[in-house]
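S.K.: Structure file structure.cif (mmCIF, C-alpha atoms) is given on the next line.
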data_final
#
loop_
_atom_site.label_atom_id
_atom_site.label_comp_id
_atom_site.auth_asym_id
_atom_site.auth_seq_id
_atom_site.Cartn_x
_atom_site.Cartn_y
_atom_site.Cartn_z
CA MET A 18 -20.41 17.18 2.74
CA LYS A 19 -22.72 16.94 -0.27
CA ILE A 20 -23.75 13.46 0.87
CA LYS A 21 -24.65 14.83 4.30
CA ILE A 22 -26.72 17.59 2.72
CA ASP A 23 -28.63 15.12 0.54
CA THR A 24 -29.28 12.90 3.57
CA LEU A 25 -30.60 15.81 5.62
CA LYS A 26 -32.86 16.86 2.75
CA GLN A 27 -34.44 13.43 2.80
CA ASN A 28 -35.04 13.81 6.54
CA TYR A 29 -36.56 17.29 6.05
CA ASN A 30 -34.03 18.97 8.34
CA ALA A 31 -34.06 22.41 6.75
CA LYS A 32 -32.00 24.19 9.42
CA GLU A 33 -29.00 21.87 9.25
CA VAL A 34 -29.24 21.79 5.46
CA GLN A 35 -28.97 25.57 5.38
CA GLU A 36 -25.98 25.59 7.74
CA LEU A 37 -24.11 22.89 5.81
CA THR A 38 -24.87 24.57 2.49
CA ARG A 39 -23.44 27.83 3.80
CA THR A 40 -20.35 26.02 5.10
CA LEU A 41 -19.85 24.36 1.72
CA GLU A 42 -20.12 27.70 -0.07
CA ILE A 43 -17.50 29.25 2.22
CA HIS A 44 -15.23 26.25 1.65
CA ASN A 45 -15.53 26.60 -2.13
CA ILE A 46 -14.79 30.33 -1.95
CA ARG A 47 -11.66 29.73 0.12
CA ALA A 48 -10.54 26.94 -2.21
CA LYS A 49 -10.88 29.17 -5.28
CA ALA A 50 -9.01 31.96 -3.49
CA MET A 51 -6.12 29.63 -2.63
CA GLN A 52 -6.01 28.31 -6.19
CA GLY A 53 -5.83 31.86 -7.50
CA LEU A 54 -3.09 32.74 -5.01
CA LEU A 55 -1.11 29.67 -6.03
CA LYS A 56 -1.39 30.63 -9.69
CA LEU A 57 -0.15 34.15 -8.94
CA GLU A 58 2.82 32.82 -6.98
CA VAL A 59 3.74 30.37 -9.74
CA ASP A 60 3.57 33.12 -12.37
CA SER A 61 5.66 35.37 -10.12
CA SER A 62 8.33 32.68 -9.68
CA LYS A 63 8.78 32.55 -13.44
CA ARG A 64 9.67 36.26 -13.49
CA VAL A 65 11.65 36.49 -10.24
CA GLU A 66 14.98 34.72 -10.10
CA ASN A 67 15.73 32.29 -7.23
CA LYS A 68 12.10 32.09 -6.13
CA LEU A 69 10.76 28.63 -5.37
CA VAL A 70 7.07 27.81 -4.87
CA ILE A 71 6.31 24.61 -2.97
CA LEU A 72 2.85 23.30 -2.15
CA PHE A 73 2.26 21.17 0.95
CA ASP A 74 -0.76 18.90 0.67
CA LEU A 75 -2.10 16.96 3.67
CA GLN A 76 -3.54 13.77 2.25
CA GLN A 77 -6.04 11.39 3.78
CA ALA A 78 -5.26 7.78 4.60
CA ILE A 79 -8.52 6.21 5.73
CA PRO A 80 -7.87 2.69 7.10
CA ILE A 81 -11.54 1.63 7.02
CA PRO A 82 -13.80 2.27 4.01
CA LYS A 83 -16.81 4.57 4.41
CA LEU A 84 -15.36 6.14 7.54
CA THR A 85 -16.16 9.85 7.66
CA THR A 86 -13.32 12.29 8.19
CA GLY A 87 -13.43 14.98 10.80
CA PRO A 88 -11.49 16.45 13.74
CA ALA A 89 -11.72 13.17 15.66
CA PHE A 90 -10.28 11.26 12.71
CA TYR A 91 -7.20 13.48 12.44
CA CYS A 92 -6.70 13.68 16.22
CA ARG A 93 -6.31 9.93 16.62
CA LYS A 94 -3.97 9.51 13.64
CA ILE A 95 -0.35 8.74 14.44
CA LEU A 96 1.09 9.07 10.92
CA TYR A 97 0.15 11.80 8.45
CA ILE A 98 0.77 11.64 4.72
CA LEU A 99 2.13 14.96 3.50
CA GLY A 100 2.65 15.56 -0.20
CA VAL A 101 5.30 18.11 -1.21
CA HIS A 102 4.97 19.49 -4.75
CA ASP A 103 7.40 21.77 -6.56
CA CYS A 104 5.03 24.11 -8.42
CA THR A 105 7.74 26.28 -9.95
CA ASN A 106 9.09 23.86 -12.50
CA GLN A 107 7.37 20.60 -13.37
CA SER A 108 10.62 19.12 -14.70
CA ALA A 109 12.81 20.28 -11.82
CA GLU A 110 15.29 17.80 -10.45
CA MET A 111 14.49 16.34 -7.05
CA THR A 112 18.08 16.85 -6.00
CA GLU A 113 17.76 20.64 -6.09
CA THR A 114 14.49 20.59 -4.16
CA PHE A 115 15.69 18.44 -1.29
CA ARG A 116 19.17 19.91 -0.92
CA GLU A 117 17.96 23.43 -0.25
CA GLU A 118 16.43 24.85 2.90
CA LEU A 119 13.04 26.50 2.83
CA ILE A 120 12.20 29.84 4.42
CA THR A 121 8.63 29.99 5.72
CA GLY A 122 7.98 33.40 7.21
CA THR A 123 10.72 33.89 9.79
CA GLN A 124 11.59 30.20 10.16
CA LEU A 125 14.13 28.10 8.28
CA LYS A 126 12.93 24.61 7.38
CA THR A 127 15.10 21.77 6.15
CA VAL A 128 13.44 19.29 3.80
CA LYS A 129 14.65 15.73 4.13
CA ILE A 130 13.45 12.46 2.64
CA ARG A 131 12.57 9.99 5.37
CA SER A 132 11.77 6.93 3.28
CA PHE A 133 9.96 5.63 0.21
CA ILE A 134 6.93 3.50 1.08
CA CYS A 135 6.03 1.21 -1.83
CA ASP A 136 4.63 -2.21 -2.49
CA SER A 137 6.91 -4.88 -3.97
CA PRO A 138 6.43 -4.15 -7.71
CA ALA A 139 6.70 -0.38 -7.21
CA ARG A 140 9.79 -0.77 -5.02
CA ALA A 141 11.56 -2.81 -7.67
CA PHE A 142 10.50 -0.29 -10.33
CA ILE A 143 11.82 2.85 -8.62
CA LYS A 144 15.09 1.14 -7.66
CA GLY A 145 15.56 -0.35 -11.13
CA VAL A 146 16.18 -3.87 -9.84
CA ALA A 147 14.84 -7.35 -10.47
CA ASN A 148 11.24 -7.98 -9.52
CA PHE A 149 10.38 -9.43 -6.14
CA ASN A 150 9.47 -12.88 -7.52
CA SER A 151 12.64 -13.38 -9.56
CA GLN A 152 15.60 -15.46 -8.42
CA ASN A 153 17.69 -12.33 -7.75
CA GLY A 154 14.84 -10.23 -6.42
CA CYS A 155 15.67 -10.12 -2.71
CA GLN A 156 16.46 -6.51 -1.80
CA LYS A 157 17.84 -7.27 1.65
CA CYS A 158 20.55 -9.81 0.90
CA THR A 159 22.41 -11.39 -2.00
CA ILE A 160 20.72 -14.76 -1.81
CA VAL A 161 19.76 -16.43 -5.09
CA GLU A 162 16.42 -18.19 -5.02
CA GLN A 163 15.92 -21.68 -6.38
CA TYR A 164 12.97 -23.08 -8.27
CA SER A 165 10.83 -25.83 -6.76
CA TYR A 166 9.24 -28.25 -9.20
CA VAL A 167 6.87 -29.39 -6.45
CA SER A 168 5.25 -26.05 -5.62
CA HIS A 169 6.30 -24.37 -8.91
CA THR A 170 7.66 -21.36 -7.05
CA ASN A 171 10.98 -19.83 -6.09
CA TYR A 172 12.20 -20.38 -2.54
CA TYR A 173 15.16 -19.37 -0.40
CA PRO A 174 17.59 -22.29 0.01
CA ARG A 175 19.14 -20.88 3.22
CA ARG A 176 18.48 -18.23 5.84
CA ILE A 177 21.92 -16.60 6.28
CA CYS A 178 23.45 -14.63 3.42
CA ALA A 179 25.50 -11.48 2.84
CA LYS A 180 23.45 -8.30 3.21
CA ARG A 181 23.22 -5.67 0.52
CA THR A 182 24.70 -2.25 1.23
CA ASP A 183 24.17 1.23 -0.14
CA TYR A 184 27.77 1.50 -1.34
CA GLU A 185 27.69 -1.76 -3.31
CA PHE A 186 24.29 -0.87 -4.73
CA ARG A 187 25.55 2.47 -6.03
CA GLN A 188 28.59 0.75 -7.53
CA ARG A 189 26.24 -1.71 -9.27
CA LEU A 190 28.11 -4.72 -7.90
CA TYR A 191 25.07 -6.99 -7.82
CA ASP A 192 25.08 -7.89 -11.54
CA ILE A 193 21.75 -9.51 -12.40
CA HIS A 194 19.98 -7.76 -9.52
CA HIS A 195 20.33 -4.44 -11.37
CA LYS A 196 18.09 -3.90 -14.38
CA VAL A 197 18.05 -0.18 -15.23
CA TYR A 198 19.53 3.00 -13.83
CA SER A 199 17.43 4.47 -11.01
CA PRO A 200 16.99 8.26 -10.71
CA LEU A 201 16.95 7.80 -6.94
CA LEU A 202 20.72 7.39 -7.10
CA GLN A 203 20.96 11.16 -7.54
CA LEU A 204 19.41 11.76 -4.13
CA PRO A 205 21.37 11.83 -0.86
CA ILE A 206 19.64 8.75 0.52
CA ASP A 207 20.52 5.22 1.56
CA MET A 208 19.22 2.93 -1.17
CA LYS A 209 18.77 0.12 1.32
CA GLN A 210 17.64 1.75 4.56
CA ASP A 211 15.49 4.52 3.05
CA VAL A 212 13.47 2.13 0.87
CA PRO A 213 12.17 -0.24 3.55
CA ILE A 214 10.59 -3.59 2.83
CA GLY A 215 7.27 -3.94 4.61
CA ASP A 216 4.89 -5.07 1.91
CA TYR A 217 1.92 -6.43 3.80
CA LEU A 218 -0.18 -6.98 0.67
CA HIS A 219 2.17 -9.22 -1.31
CA LEU A 220 3.78 -10.98 1.65
CA LEU A 221 0.69 -11.91 3.67
CA ASP A 222 -2.54 -11.30 1.75
CA LEU A 223 -1.48 -12.31 -1.75
CA GLY A 224 1.42 -14.35 -0.41
CA ILE A 225 1.03 -16.73 2.51
CA MET A 226 -2.77 -16.57 2.77
CA LYS A 227 -3.37 -17.15 -0.93
CA ARG A 228 -0.80 -19.95 -1.06
CA LEU A 229 -2.35 -21.65 1.96
CA LEU A 230 -5.91 -21.58 0.62
CA CYS A 231 -4.89 -22.71 -2.87
CA ALA A 232 -2.81 -25.54 -1.40
CA LEU A 233 -5.63 -26.74 0.84
CA ARG A 234 -8.11 -26.60 -2.02
CA ASP A 235 -5.90 -28.21 -4.69
CA GLY A 236 -3.50 -30.30 -2.58
CA ASN A 237 -0.37 -28.37 -3.56
CA PHE A 238 1.53 -29.18 -0.38
CA GLY A 239 2.87 -32.34 -2.03
CA ASN A 240 0.72 -34.45 0.27
CA TYR A 241 -2.90 -35.07 -0.67
CA ARG A 242 -3.79 -35.78 2.95
CA THR A 243 -3.87 -32.00 3.41
CA LYS A 244 -6.29 -31.51 0.50
CA TRP A 245 -9.84 -30.52 1.30
CA PRO A 246 -12.46 -32.97 0.01
CA ALA A 247 -15.00 -31.60 -2.44
CA ARG A 248 -17.66 -31.67 0.28
CA ASP A 249 -15.56 -29.53 2.64
CA THR A 250 -14.81 -27.06 -0.13
CA GLN A 251 -18.52 -26.75 -0.84
CA ASP A 252 -19.36 -26.28 2.86
CA ILE A 253 -16.73 -23.56 3.25
CA THR A 254 -18.01 -21.81 0.13
CA GLU A 255 -21.57 -21.86 1.45
CA PHE A 256 -20.38 -20.45 4.77
CA LEU A 257 -18.50 -17.62 3.05
CA MET A 258 -21.40 -16.75 0.79
CA ASN A 259 -23.93 -16.73 3.65
CA THR A 260 -21.78 -14.60 5.96
CA LYS A 261 -23.03 -11.04 6.39
CA LEU A 262 -20.15 -8.62 6.82
CA PRO A 263 -20.44 -5.11 8.32
CA LYS A 264 -20.63 -2.16 5.98
CA GLU A 265 -16.98 -1.26 6.71
CA PHE A 266 -15.96 -4.25 4.56
CA HIS A 267 -16.66 -3.11 1.02
CA ARG A 268 -15.46 -6.37 -0.61
CA LYS A 269 -17.47 -9.50 0.05
CA VAL A 270 -15.57 -12.79 0.04
CA ARG A 271 -16.37 -14.97 -2.97
CA GLU A 272 -16.33 -18.73 -3.60
CA LEU A 273 -13.22 -20.87 -3.20
CA ASP A 274 -13.49 -21.87 -6.86
CA VAL A 275 -12.39 -18.39 -7.90
CA LEU A 276 -9.43 -17.86 -5.57
CA ALA A 277 -7.38 -16.68 -8.54
CA PHE A 278 -9.68 -13.65 -8.80
CA TRP A 279 -9.70 -12.74 -5.10
CA LYS A 280 -8.31 -9.33 -4.25
CA GLY A 281 -5.82 -8.85 -1.45
CA LEU A 282 -8.49 -7.37 0.81
CA LYS A 283 -10.55 -10.55 0.55
CA PHE A 284 -7.62 -12.67 1.70
CA ARG A 285 -7.08 -10.22 4.56
CA THR A 286 -10.73 -10.51 5.58
CA PHE A 287 -10.47 -14.29 5.57
CA MET A 288 -7.21 -14.30 7.53
CA TYR A 289 -8.34 -11.93 10.29
CA TYR A 290 -12.04 -12.67 10.62
CA LEU A 291 -13.58 -15.54 8.66
CA GLY A 292 -10.65 -17.94 8.76
CA ILE A 293 -10.70 -18.06 12.55
CA VAL A 294 -14.12 -19.70 12.38
CA VAL A 295 -13.72 -21.73 9.20
CA LEU A 296 -10.30 -23.29 9.71
CA LYS A 297 -11.18 -24.48 13.20
CA HIS A 298 -13.49 -27.11 11.71
CA PHE A 299 -11.90 -27.84 8.33
CA LEU A 300 -8.14 -27.56 8.84
CA PRO A 301 -6.36 -30.92 8.36
CA SER A 302 -4.46 -32.30 11.33
CA GLU A 303 -1.17 -32.17 9.37
CA VAL A 304 -1.28 -28.36 9.29
CA GLU A 305 -3.32 -27.63 12.40
CA HIS A 306 -0.45 -25.60 13.87
CA PHE A 307 -1.63 -22.74 11.64
#
For this file, write the structure as structure tokens.
M.R.:
Amino acid sequence: MKIKIDTLKQNYNAKEVQELTRTLEIHNIRAKAMQGLLKLEVDSSKRVENKLVILFDLQQAIPIPKLTTGPAFYCRKILYILGVHDCTNQSAEMTETFREELITGTQLKTVKIRSFICDSPARAFIKGVANFNSQNGCQKCTIVEQYSYVSHTNYYPRRICAKRTDYEFRQRLYDIHHKVYSPLLQLPIDMKQDVPIGDYLHLLDLGIMKRLLCALRDGNFGNYRTKWPARDTQDITEFLMNTKLPKEFHRKVRELDVLAFWKGLKFRTFMYYLGIVVLKHFLPSEVEHF
């Protein structure tokens, strides 16, 4: 809102500036009042036995950078991120919070964990298991990856393998897959189903797309017929550097010489937008099915 006020000041729109300034003042007054009320409730819970104070925080999840939030933004959202904070005791166990039912006014609410949404490193961390790129890092099945001296990576030797289960995970029957004890084991959840694997960033952006571009640039497919010549690499780099992206894309794609420093969003931009144009002219015939 402050940005809007500054913009209107530059356009000499005094009436709208006054209205927005008044709205901002009211918002700040209400925010301070709620913060004071929360502090009073937390202090009261320390004196009153069996009183629990929980704060519900509706968080934003803006899919496109620089997109303003408003009623239209929240109306078209399908999934809302809601943070639940136990304000009574910072060191309270999660088990006590999620096993009890909450009374809000005259209604009885049951709090239940739906799932834990994490990327690959965070998922391995909270479950206390091997990392996603290790030979025992698959969290869906018990397959053991093998190392390839051609691509210098781990790969899955077969497609069918025994699936992991919540019971076997809690019994720690997977040996090397387990690293440390996970506090999530204290919760009434399914350690396999409630921690889903859907890591778009590491599987596609920093996974397949990065591997494909590095292989085409350096010839890492084991066949140098798929390697881009130096001239093609230079032409692609010039195309990427001269491309003007809309303001919604806050990361501009860099040269192919620095693929190791590309962020995941840059690989996503190349895969969805720029790659459609570039690869049509420079993709070798051996991999044209991509």
S.K.: Using Å and a single decimal, report how far atom CA of Val146 of chain A sits from atom CA of His194 of chain A.
M.R.: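 Straight-line distance from atom CA of His194 of chain A to atom CA of Val146 of chain A works out to 5.4 Å.
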S.K.: Taking the file as shown, find all residues satisfying the PyMOL selection byres ((chain A and resi 249) around 12) and write them as a count of residues only.
M.R.: 22
S.K.: Give me the residues within 10 Å of Arg131 of chain A as a PyMOL selection string, counting only C-alpha atoms and dropping any in the same chain fewer than 5 places off.
M.R.: chain A and resi 206+210-212
S.K.: Smallest atom-to-atom distance to Ala277 of chain A: which of A:His219, A:Arg228, A:His169, A:Lys261, using only C-alpha atoms?
M.R.: A:Arg228
S.K.: Go through A:Ser165, A:Thr286, A:Gln156, A:Gln52 one by one, measure the shortest atom-to-atom distance of each to Val270 of chain A using all atoms listed in the file, and give the residue with the smallest value.
M.R.: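 Closest to Val270 of chain A, using all atoms listed in the file: A:Thr286.
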S.K.: Hey, which of A:Asn259, A:Gln203, A:Ser62, A:Ser137 ends up closest to Gly215 of chain A? Count all atoms listed in the file.
M.R.: A:Ser137
S.K.: Enter the distance from atom CA of Tyr164 of chain A to atom CA of Ala147 of chain A, in Å, rounded to one decimal.
M.R.: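 Computed distance, atom CA of Tyr164 of chain A to atom CA of Ala147 of chain A, equals 16.0 Å.
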S.K.: Rounded to one decimal, what separation in Å do you get between atom CA of Phe266 of chain A and atom CA of Phe149 of chain A?
M.R.: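 Atom CA of Phe149 of chain A lies at a distance of 28.9 Å from atom CA of Phe266 of chain A.
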S.K.: Would you mind telling me which residue in A:Asn171, A:Thr159, A:Ser61, A:Asn45 lies nearest to Tyr191 of chain A when using all atoms listed in the file?
M.R.: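 Comparing A:Asn171, A:Thr159, A:Ser61, A:Asn45 against Tyr191 of chain A, the winner is A:Thr159.
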S.K.: Which residues, written as a list in words, have at least one atom at most 12 Å from Tyr198 of chain A, with all atoms listed in the file counted and residues fewer than 6 positions away on the same chain left out?
M.R.: Ala141, Phe142, Ile143, Lys144, Gly145, Val146, Ala147, Phe186, Arg187, Gln188 and Arg189 of chain A
S.K.: Any chance you could model N, CA and C atoms for segment 259-292 of chain A and send them as a CSV table (one decimal), keeping the file's coordinate frame?
M.R.:
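Result file follows (rebuild.csv):
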chain,number,residue,atom,x,y,z
A,259,ASN,N,-22.8,-17.1,2.8
A,259,ASN,CA,-23.9,-16.7,3.6
A,259,ASN,C,-23.5,-15.8,4.8
A,260,THR,N,-22.2,-15.5,4.9
A,260,THR,CA,-21.8,-14.6,6.0
A,260,THR,C,-22.1,-13.1,5.6
A,261,LYS,N,-22.7,-12.5,6.6
A,261,LYS,CA,-23.0,-11.0,6.4
A,261,LYS,C,-21.9,-10.2,7.1
A,262,LEU,N,-21.2,-9.5,6.3
A,262,LEU,CA,-20.2,-8.6,6.8
A,262,LEU,C,-20.7,-7.2,7.1
A,263,PRO,N,-20.0,-6.5,8.1
A,263,PRO,CA,-20.4,-5.1,8.3
A,263,PRO,C,-20.2,-4.2,7.1
A,264,LYS,N,-20.7,-3.1,7.1
A,264,LYS,CA,-20.6,-2.2,6.0
A,264,LYS,C,-19.2,-1.6,5.8
A,265,GLU,N,-18.4,-1.7,6.8
A,265,GLU,CA,-17.0,-1.3,6.7
A,265,GLU,C,-16.2,-2.1,5.7
A,266,PHE,N,-16.6,-3.4,5.5
A,266,PHE,CA,-16.0,-4.2,4.6
A,266,PHE,C,-16.6,-4.1,3.2
A,267,HIS,N,-16.0,-3.4,2.3
A,267,HIS,CA,-16.7,-3.1,1.0
A,267,HIS,C,-16.4,-4.2,0.0
A,268,ARG,N,-15.7,-5.3,0.3
A,268,ARG,CA,-15.5,-6.4,-0.6
A,268,ARG,C,-15.9,-7.7,0.1
A,269,LYS,N,-17.0,-8.3,-0.5
A,269,LYS,CA,-17.5,-9.5,0.0
A,269,LYS,C,-16.6,-10.7,-0.5
A,270,VAL,N,-16.4,-11.6,0.4
A,270,VAL,CA,-15.6,-12.8,0.0
A,270,VAL,C,-16.4,-13.7,-0.9
A,271,ARG,N,-15.7,-14.2,-2.0
A,271,ARG,CA,-16.4,-15.0,-3.0
A,271,ARG,C,-16.1,-16.5,-2.7
A,272,GLU,N,-16.5,-17.3,-3.7
A,272,GLU,CA,-16.3,-18.7,-3.6
A,272,GLU,C,-14.9,-19.1,-3.7
A,273,LEU,N,-14.6,-20.3,-3.1
A,273,LEU,CA,-13.2,-20.9,-3.2
A,273,LEU,C,-12.8,-21.3,-4.6
A,274,ASP,N,-13.8,-21.5,-5.5
A,274,ASP,CA,-13.5,-21.9,-6.9
A,274,ASP,C,-12.8,-20.8,-7.6
A,275,VAL,N,-12.9,-19.5,-7.2
A,275,VAL,CA,-12.4,-18.4,-7.9
A,275,VAL,C,-11.3,-17.7,-7.1
A,276,LEU,N,-10.5,-18.5,-6.4
A,276,LEU,CA,-9.4,-17.9,-5.6
A,276,LEU,C,-8.5,-17.0,-6.4
A,277,ALA,N,-8.3,-17.4,-7.7
A,277,ALA,CA,-7.4,-16.7,-8.5
A,277,ALA,C,-7.8,-15.2,-8.8
A,278,PHE,N,-9.1,-15.0,-8.6
A,278,PHE,CA,-9.7,-13.6,-8.8
A,278,PHE,C,-9.9,-12.9,-7.5
A,279,TRP,N,-9.5,-13.5,-6.4
A,279,TRP,CA,-9.7,-12.7,-5.1
A,279,TRP,C,-8.7,-11.6,-5.0
A,280,LYS,N,-9.2,-10.5,-4.5
A,280,LYS,CA,-8.3,-9.3,-4.2
A,280,LYS,C,-7.6,-9.5,-2.9
A,281,GLY,N,-6.6,-8.7,-2.7
A,281,GLY,CA,-5.8,-8.8,-1.4
A,281,GLY,C,-6.7,-8.6,-0.2
A,282,LEU,N,-7.6,-7.7,-0.3
A,282,LEU,CA,-8.5,-7.4,0.8
A,282,LEU,C,-9.4,-8.5,1.2
A,283,LYS,N,-9.7,-9.4,0.2
A,283,LYS,CA,-10.6,-10.6,0.6
A,283,LYS,C,-9.7,-11.6,1.3
A,284,PHE,N,-8.5,-11.8,0.9
A,284,PHE,CA,-7.6,-12.7,1.7
A,284,PHE,C,-7.4,-12.1,3.1
A,285,ARG,N,-7.3,-10.8,3.2
A,285,ARG,CA,-7.1,-10.2,4.6
A,285,ARG,C,-8.3,-10.4,5.4
A,286,THR,N,-9.5,-10.3,4.8
A,286,THR,CA,-10.7,-10.5,5.6
A,286,THR,C,-10.8,-12.0,6.0
A,287,PHE,N,-10.4,-12.9,5.2
A,287,PHE,CA,-10.5,-14.3,5.6
A,287,PHE,C,-9.5,-14.6,6.7
A,288,MET,N,-8.3,-14.0,6.6
A,288,MET,CA,-7.2,-14.3,7.5
A,288,MET,C,-7.5,-13.8,8.9
A,289,TYR,N,-8.1,-12.6,9.0
A,289,TYR,CA,-8.3,-11.9,10.3
A,289,TYR,C,-9.7,-12.3,10.9
A,290,TYR,N,-10.7,-12.5,10.1
A,290,TYR,CA,-12.0,-12.7,10.6
A,290,TYR,C,-12.7,-14.0,10.3
A,291,LEU,N,-12.8,-14.3,9.0
A,291,LEU,CA,-13.6,-15.5,8.7
A,291,LEU,C,-12.8,-16.8,8.9
A,292,GLY,N,-11.5,-16.7,8.6
A,292,GLY,CA,-10.6,-17.9,8.8
A,292,GLY,C,-10.6,-18.5,10.2
